[in-house]
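Visitor: Below you will find the structure I want to go over with you.
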Amino acid sequence: MTTVATSPPVTAGGPRKGGRVKRWVVPGVLIAVTITWLVPTLGLFITSFKSRAASSQYGWWQVWQGGWTLDNYNEVLFSPSLPPPGFADNFINTIIITIPATILPIAIAAVAAYAFAWLDFPFRNWIFLGVIALLVVPLQVTWVPVLKIFNTLNLTGTFPGIWLAHTGYGLAFAIFLLRNFMADIPNDLIESARIDGAGNVKIFTRIVLPLSLPAIAALAIFQFVWVWNDLMNALIFLQTPDKFPLTVGIRNLLGQYGNEWNLLSAGAFLSMIVPLIVFFALQRYFVRGLTSGAVKG
Amino acid sequence: MAEIRMDDLTKIYDDGTLAVGEFTLTIEDGEFLVLVGPSGCGKSTVLRMIAGLEDITRGEMHIGDNLVNDVTPKDRDIAMVFQNYALYPHMTVRDNMAFGLKLRKTPKDEIRRRVAEAAGILEITDLLDRKPKALSGGQRQRVAMGRAIVREPAAFLMDEPLSNLDAKLRVQMRAELERIHNRLETTTVYVTHDQVEAMTLGDRVAVLRAVSPARPYNLQQVGPPHELFNDPQNLFVAGFIGSPAMNMIYARLEAEGEDVWVVFGDYRLKVDPRTLERHPGLENRTNEELVMGVRPTSMEASVIAGPDPDRTMRITAEVDENLGAEVFVHHTLNLRPVITPDVEELLADAGQTPESLGDTTEFVARISSDVDVTKGEQLDVVIDTRKLFFFDPKSGSRIGARSATAAAG
Ligand SMILES: Nc1ncnc2c1ncn2[C@@H]1O[C@H](COP(=O)(O)OP(=O)(O)OP(=O)(O)O)[C@@H](O)[C@H]1O
Ligand SMILES: [Mg+2]
């Protein structure tokens, strides 16, 4: 308060100009980054509505040349010329893979994070350190041993197998993020709930979980997009074509219609729609200061 | 509703800090007991042990007839109001208040009735559907109170519940708390380091002090406010209770026939026999250095009190604070200041060091504002020598004080 009150006479003039420049730096950079990402996507989007002839004759920025068509989507989704399983089946597989592979790790991580943040048990900090250490293990070194274990357990080529794989790979970061978020919930709030008569289960479900929604939403988007776009783990752990997800489908499209950009872009767009929906659905939980009003001072 | 009985409680934190020692105190059913003392003296620790939020290292705690040492907070049937309110931010005011009742499976109608009643008492009925972040500090405080009231617990525990409010609201909520206590008559343990709050709210006040190797117990004195004010058992309590603080002066007693006089600097005052009565054994401590305490409120200007040369001090009004009905006049005595462990602790709590006092003694007198005080002018002040206090400069105890344990019981 005092510094705020006394600063204007000292800083009048000069620093304010600096402030104006500074005020434009952040939005400027953000706009530049956004355009860089958006322009190719826009190109893809427009191309996906062009006939093969139009897409090879005109650039995508010549928006009104060559007419519009939905044929590409029709072709990609229902084309009899593709070998089974078709793109639509891939799409369903991706959903079957992604939803449990997003919910499972976050559910497990939330419980674990609560324990790491709020329960007292022996070696708590050492075990948490172990979890963080797992973050630096490269994915690639785990493939062979995990596949061997999966083979003995008959999990290779099954959906539960890939759910487990994604759960394992996502867990360390999820625990790390959620435990740090939950540890920031004011202690008084937890104690207040204890005195109100809540045990650990109620404290977790009624207080900690609702207050952790922003972190959980962020994590859900990360994990969802990561699994949705995953190609390697699907190829390694699923192995059977009728269980392959969209990513594999698109790769196959690439092999089949390597120069038919109109079809490829329609496929790519179809695979982008769901993550976009998920993002916009969850973004309302990204509210800052969810705990404001809880404690004063 | 219940009595809270603490027997010889000790709390040692994991890092070895002895926070509370030899703590014995019984809080009666329906009593409003205030724990008061400087920062770090263990008030919150005692309260948290009652709540069950801290383990009890040694000793016994009973709530009602139950030994609760190993009972979890949720089974102790107590409600707590936190300094920062600790409202659940994702719940409406109504849900905040109903939370504890829902967890205890109270019937819906009963919950609705109790929330409505508590909201009525606290005048927050209009706010029931708001979230805490849409409330002012004073409103949040009320909601925190409401959350405790609806539980109808055996006892309320409050840890500095008003300290985050501004001065005006604090006074208002203080009155409110008193009203609520008179209405509900629930046993209440209230922590504050504001002695005015302690004196106005408490049926009894317990003065605490941080433990030291020489003094392994916190409790200095417990009693009704007037008792702490009129009969403090040591320098610490005497200096902590009362605003402005009691004047402390190194002084000597001289016997002269039947009479006893107290001498300090150039001043000589005739000690009233009633002061001697209140200090058994004081007549044997003549001609040695003692600490004399006298409250600013035990004085009056001689133009009002009438001339009384044996009890008059002539002082210079260096600073005067006019509060409307009364004026506090500051004067400097050319005597070294009283510095004992008790006084040092009180100074530390006020953010001062012994060095900051210099080598003179500050003296404050309260006189009626009907007297014209001119800065720099001399002023005759009559001292009520029935209300002098004498302390042993080494131990800090009142002369003739009851023993420490008796004082605590
Ligand atoms: N968790 C803890 N671990 C170790 N020592 C602690 C802990 N909590 C409190 N203490 C110590 O115990 C002593 C008493 O603390 P307590 O919080 O009870 O004081 P207080 O009277 O409530 O003070 P304040 O008026 O500042 O709130 C202090 O010396 C403090 O540093
Ligand atoms: Mg405290």
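Letters A, B, ... mark the chains of the structure tokens in the order given; residue numbers begin at 1 per chain; ligand numbers begin at 1, in order shown.
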All residues within 9 Å of ligand 2 are required, counting only C-alpha atoms and all ligand atoms; please report them as a ChimeraX atom specification.
Guide: /B:39-45,47,83,159-160,191-193
Visitor: When you get a sec, could you note down which chain B residues fall within 9 Å of chain A, using only C-alpha atoms, as a PyMOL selection string?
Guide: chain B and resi 51-53+72-90+99-101+103-104+131-135+137+140+147-148+151+164
Visitor: I'd like the interatomic distance between CA of Ala348 (chain B) and CA of Ala317 (chain B), to a tenth of an Å.
Guide: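 Spanning CA of Ala348 (chain B) to CA of Ala317 (chain B) is a straight-line distance of 27.2 Å.
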Visitor: So, counting only C-alpha atoms and all ligand atoms, which residue among B:Leu165, B:Val115, B:Val207, B:Ile63 is closest to ligand 1?
Guide: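 Looking at the shortest contact to ligand 1, the residue is B:Val207.
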Visitor: Among region 265-334 of chain B, which ones does DSSP assign to helix (DSSP H, G or I) (computed from the backbone)? Answer as a list in words.
Guide: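 Residues of region 265-334 of chain B classed as helix (DSSP H, G or I): Pro273, Arg274, Thr275, Leu276, Glu277, Arg278, Leu282, Glu283, Asn284, Arg285, Pro296, Thr297, Ser298, Ser302, Val303, Ile304, Ala305, Pro309, Asp310 and Arg311 of chain B.
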Visitor: Go through A:Gly267, A:Pro275, A:Gly43, A:Pro122 and flag the residue nearest Trp228 (chain A), using only C-alpha atoms for the distances.
Guide: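 Comparing A:Gly267, A:Pro275, A:Gly43, A:Pro122 against Trp228 (chain A), the winner is A:Pro275.
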Visitor: Can you tell me how far CA of Pro307 (chain B) sits from CA of Arg274 (chain B), in Å to one decimal?
Guide: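 Result for CA of Pro307 (chain B) versus CA of Arg274 (chain B): 20.5 Å, one decimal.
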Visitor: As an exercise, work out the distance from CA of Ala305 (chain B) to CA of Asp372 (chain B) in Å and give it to one decimal place.
Guide: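 Value for the CA of Ala305 (chain B)-CA of Asp372 (chain B) distance: 14.5 Å.
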Visitor: So which one's closest to ligand 1, B:Phe229, B:Phe32, B:Tyr190, B:Trp261? Using only C-alpha atoms and all ligand atoms, please.
Guide: B:Tyr190
Visitor: Find the residue from B:Ser212, B:Ser243, B:Thr106, B:Thr92 that sits nearest to ligand 1; use only C-alpha atoms and all ligand atoms when measuring.
Guide: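 Checking each of B:Ser212, B:Ser243, B:Thr106, B:Thr92 against ligand 1, counting only C-alpha atoms and all ligand atoms, the winner is B:Ser212.
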Visitor: List as a tab-separated table (two decimals) with N, CA and C atoms, in the first residue's frame the protein and nucleic acid residues near region 138-145 of chain A, meaning an atom at most 10 Å away when only C-alpha atoms are counted, but skip any in the same chain fewer than 2 places from it.
Guide:
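Saved the output as around_4.tsv:
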```tsv
chain	number	residue	atom	x	y	z
A	134	LEU	N	10.38	-40.46	-12.07
A	134	LEU	CA	9.84	-41.19	-13.22
A	134	LEU	C	9.61	-40.29	-14.43
A	135	LEU	N	9.44	-38.99	-14.16
A	135	LEU	CA	9.18	-38.06	-15.25
A	135	LEU	C	10.31	-38.02	-16.27
A	136	VAL	N	11.52	-38.31	-15.81
A	136	VAL	CA	12.66	-38.16	-16.72
A	136	VAL	C	12.96	-39.45	-17.48
A	147	LEU	N	6.06	-54.38	-23.33
A	147	LEU	CA	5.46	-55.28	-24.31
A	147	LEU	C	5.63	-56.73	-23.87
A	148	LYS	N	6.80	-57.05	-23.29
A	148	LYS	CA	7.03	-58.42	-22.82
A	148	LYS	C	6.03	-58.78	-21.73
A	149	ILE	N	5.85	-57.84	-20.80
A	149	ILE	CA	4.90	-58.09	-19.71
A	149	ILE	C	3.50	-58.25	-20.29
A	150	PHE	N	3.15	-57.36	-21.21
A	150	PHE	CA	1.82	-57.43	-21.83
A	150	PHE	C	1.61	-58.76	-22.53
A	151	ASN	N	2.68	-59.27	-23.17
A	151	ASN	CA	2.55	-60.53	-23.88
A	151	ASN	C	2.22	-61.66	-22.92
A	165	ALA	N	-1.24	-48.75	-20.67
A	165	ALA	CA	0.01	-48.13	-21.11
A	165	ALA	C	-0.09	-46.61	-20.99
A	169	TYR	N	1.97	-44.03	-18.52
A	169	TYR	CA	2.81	-42.96	-19.04
A	169	TYR	C	2.33	-41.58	-18.57
A	232	MET	N	2.51	-43.99	-32.02
A	232	MET	CA	3.49	-45.02	-31.69
A	232	MET	C	2.93	-46.08	-30.75
A	233	ASN	N	2.34	-45.62	-29.64
A	233	ASN	CA	1.85	-46.59	-28.66
A	233	ASN	C	0.77	-47.47	-29.26
A	236	ILE	N	2.42	-50.10	-31.39
A	236	ILE	CA	3.18	-51.07	-30.62
A	236	ILE	C	2.28	-51.99	-29.82
A	237	PHE	N	1.29	-51.41	-29.14
A	237	PHE	CA	0.53	-52.22	-28.18
A	237	PHE	C	-0.74	-52.82	-28.76
```
Visitor: Could you give me the residues within region 26-131 of chain B that DSSP places in strand (DSSP E or B), as a CSV table (one decimal) with N, CA and C atoms, in the first residue's frame?
Guide:
```
chain,number,residue,atom,x,y,z
B,26,THR,N,-9.9,-25.4,33.9
B,26,THR,CA,-11.3,-25.9,33.7
B,26,THR,C,-12.2,-24.8,33.2
B,27,ILE,N,-12.8,-25.0,32.0
B,27,ILE,CA,-13.7,-24.0,31.5
B,27,ILE,C,-15.1,-24.5,31.8
B,32,PHE,N,-17.7,-18.1,28.9
B,32,PHE,CA,-16.9,-17.5,27.8
B,32,PHE,C,-15.5,-17.2,28.4
B,33,LEU,N,-14.6,-18.1,28.0
B,33,LEU,CA,-13.2,-17.9,28.5
B,33,LEU,C,-12.3,-17.4,27.4
B,34,VAL,N,-11.6,-16.4,27.7
B,34,VAL,CA,-10.7,-15.8,26.7
B,34,VAL,C,-9.2,-16.2,27.1
B,35,LEU,N,-8.5,-16.7,26.0
B,35,LEU,CA,-7.1,-16.9,26.2
B,35,LEU,C,-6.4,-15.7,25.6
B,36,VAL,N,-5.6,-15.0,26.4
B,36,VAL,CA,-4.9,-13.8,25.9
B,36,VAL,C,-3.4,-13.8,26.2
B,58,ARG,N,1.3,-34.7,26.5
B,58,ARG,CA,1.1,-35.3,27.8
B,58,ARG,C,-0.1,-34.6,28.5
B,59,GLY,N,-0.7,-35.3,29.4
B,59,GLY,CA,-1.8,-34.7,30.2
B,59,GLY,C,-3.1,-35.1,29.6
B,60,GLU,N,-4.2,-34.6,30.2
B,60,GLU,CA,-5.5,-35.1,29.9
B,60,GLU,C,-6.5,-34.0,29.5
B,61,MET,N,-7.3,-34.3,28.5
B,61,MET,CA,-8.3,-33.3,28.1
B,61,MET,C,-9.7,-34.0,28.2
B,62,HIS,N,-10.6,-33.4,28.9
B,62,HIS,CA,-12.0,-33.9,29.0
B,62,HIS,C,-12.9,-32.9,28.4
B,63,ILE,N,-13.8,-33.3,27.5
B,63,ILE,CA,-14.9,-32.4,27.1
B,63,ILE,C,-16.2,-33.1,27.7
B,66,ASN,N,-16.1,-37.0,28.8
B,66,ASN,CA,-15.3,-37.8,27.9
B,66,ASN,C,-13.9,-37.4,27.9
B,67,LEU,N,-13.0,-38.4,28.1
B,67,LEU,CA,-11.6,-38.2,27.8
B,67,LEU,C,-11.4,-38.1,26.3
B,78,ILE,N,-17.3,-30.1,18.5
B,78,ILE,CA,-17.0,-28.7,18.8
B,78,ILE,C,-17.1,-28.0,17.4
B,79,ALA,N,-17.2,-26.7,17.4
B,79,ALA,CA,-17.2,-25.9,16.2
B,79,ALA,C,-16.1,-24.9,16.3
B,80,MET,N,-15.4,-24.5,15.2
B,80,MET,CA,-14.3,-23.6,15.3
B,80,MET,C,-14.5,-22.5,14.3
B,81,VAL,N,-14.2,-21.3,14.7
B,81,VAL,CA,-14.2,-20.1,13.8
B,81,VAL,C,-12.7,-19.7,13.6
```
Visitor: Contacts of Glu377 (chain B) at 9 Å or less, counting only C-alpha atoms, minus same-chain residues fewer than 4 places along, as a PyMOL selection string?
Guide: chain B and resi 315-318+373
Visitor: Quick one: write out the picked residues with N, CA, C and O atoms as a tab-separated table (two decimals), in the first residue's frame?
Guide:
```tsv
chain	number	residue	atom	x	y	z
B	315	ILE	N	4.02	17.17	37.89
B	315	ILE	CA	4.62	16.67	36.65
B	315	ILE	C	4.55	17.74	35.57
B	315	ILE	O	3.82	18.73	35.69
B	316	THR	N	5.33	17.55	34.51
B	316	THR	CA	5.30	18.45	33.37
B	316	THR	C	4.56	17.76	32.23
B	316	THR	O	4.86	16.62	31.88
B	317	ALA	N	3.58	18.43	31.69
B	317	ALA	CA	2.80	17.85	30.59
B	317	ALA	C	3.59	17.97	29.29
B	317	ALA	O	3.56	19.00	28.63
B	318	GLU	N	4.33	16.90	28.94
B	318	GLU	CA	5.15	16.97	27.73
B	318	GLU	C	4.33	16.66	26.48
B	318	GLU	O	4.49	17.27	25.44
B	373	VAL	N	-4.98	21.63	30.07
B	373	VAL	CA	-3.58	21.20	30.09
B	373	VAL	C	-2.85	21.96	29.01
B	373	VAL	O	-3.28	21.99	27.86
```
Visitor: When you look at Phe128 (chain A) with a cut-off of 10 Å (counting only C-alpha atoms), what residues show up, excluding the ones that are within fewer than 3 positions of it in the same chain? I need them as a list in words.
Guide: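 Using only C-alpha atoms, the neighbours found are Ala112, Ala113, Phe116, Ala117, Phe123, Arg124, Asn125, Val131, Ile132, Ala133, Leu134, Ala172, Ile175, Phe176 and Arg179 of chain A.
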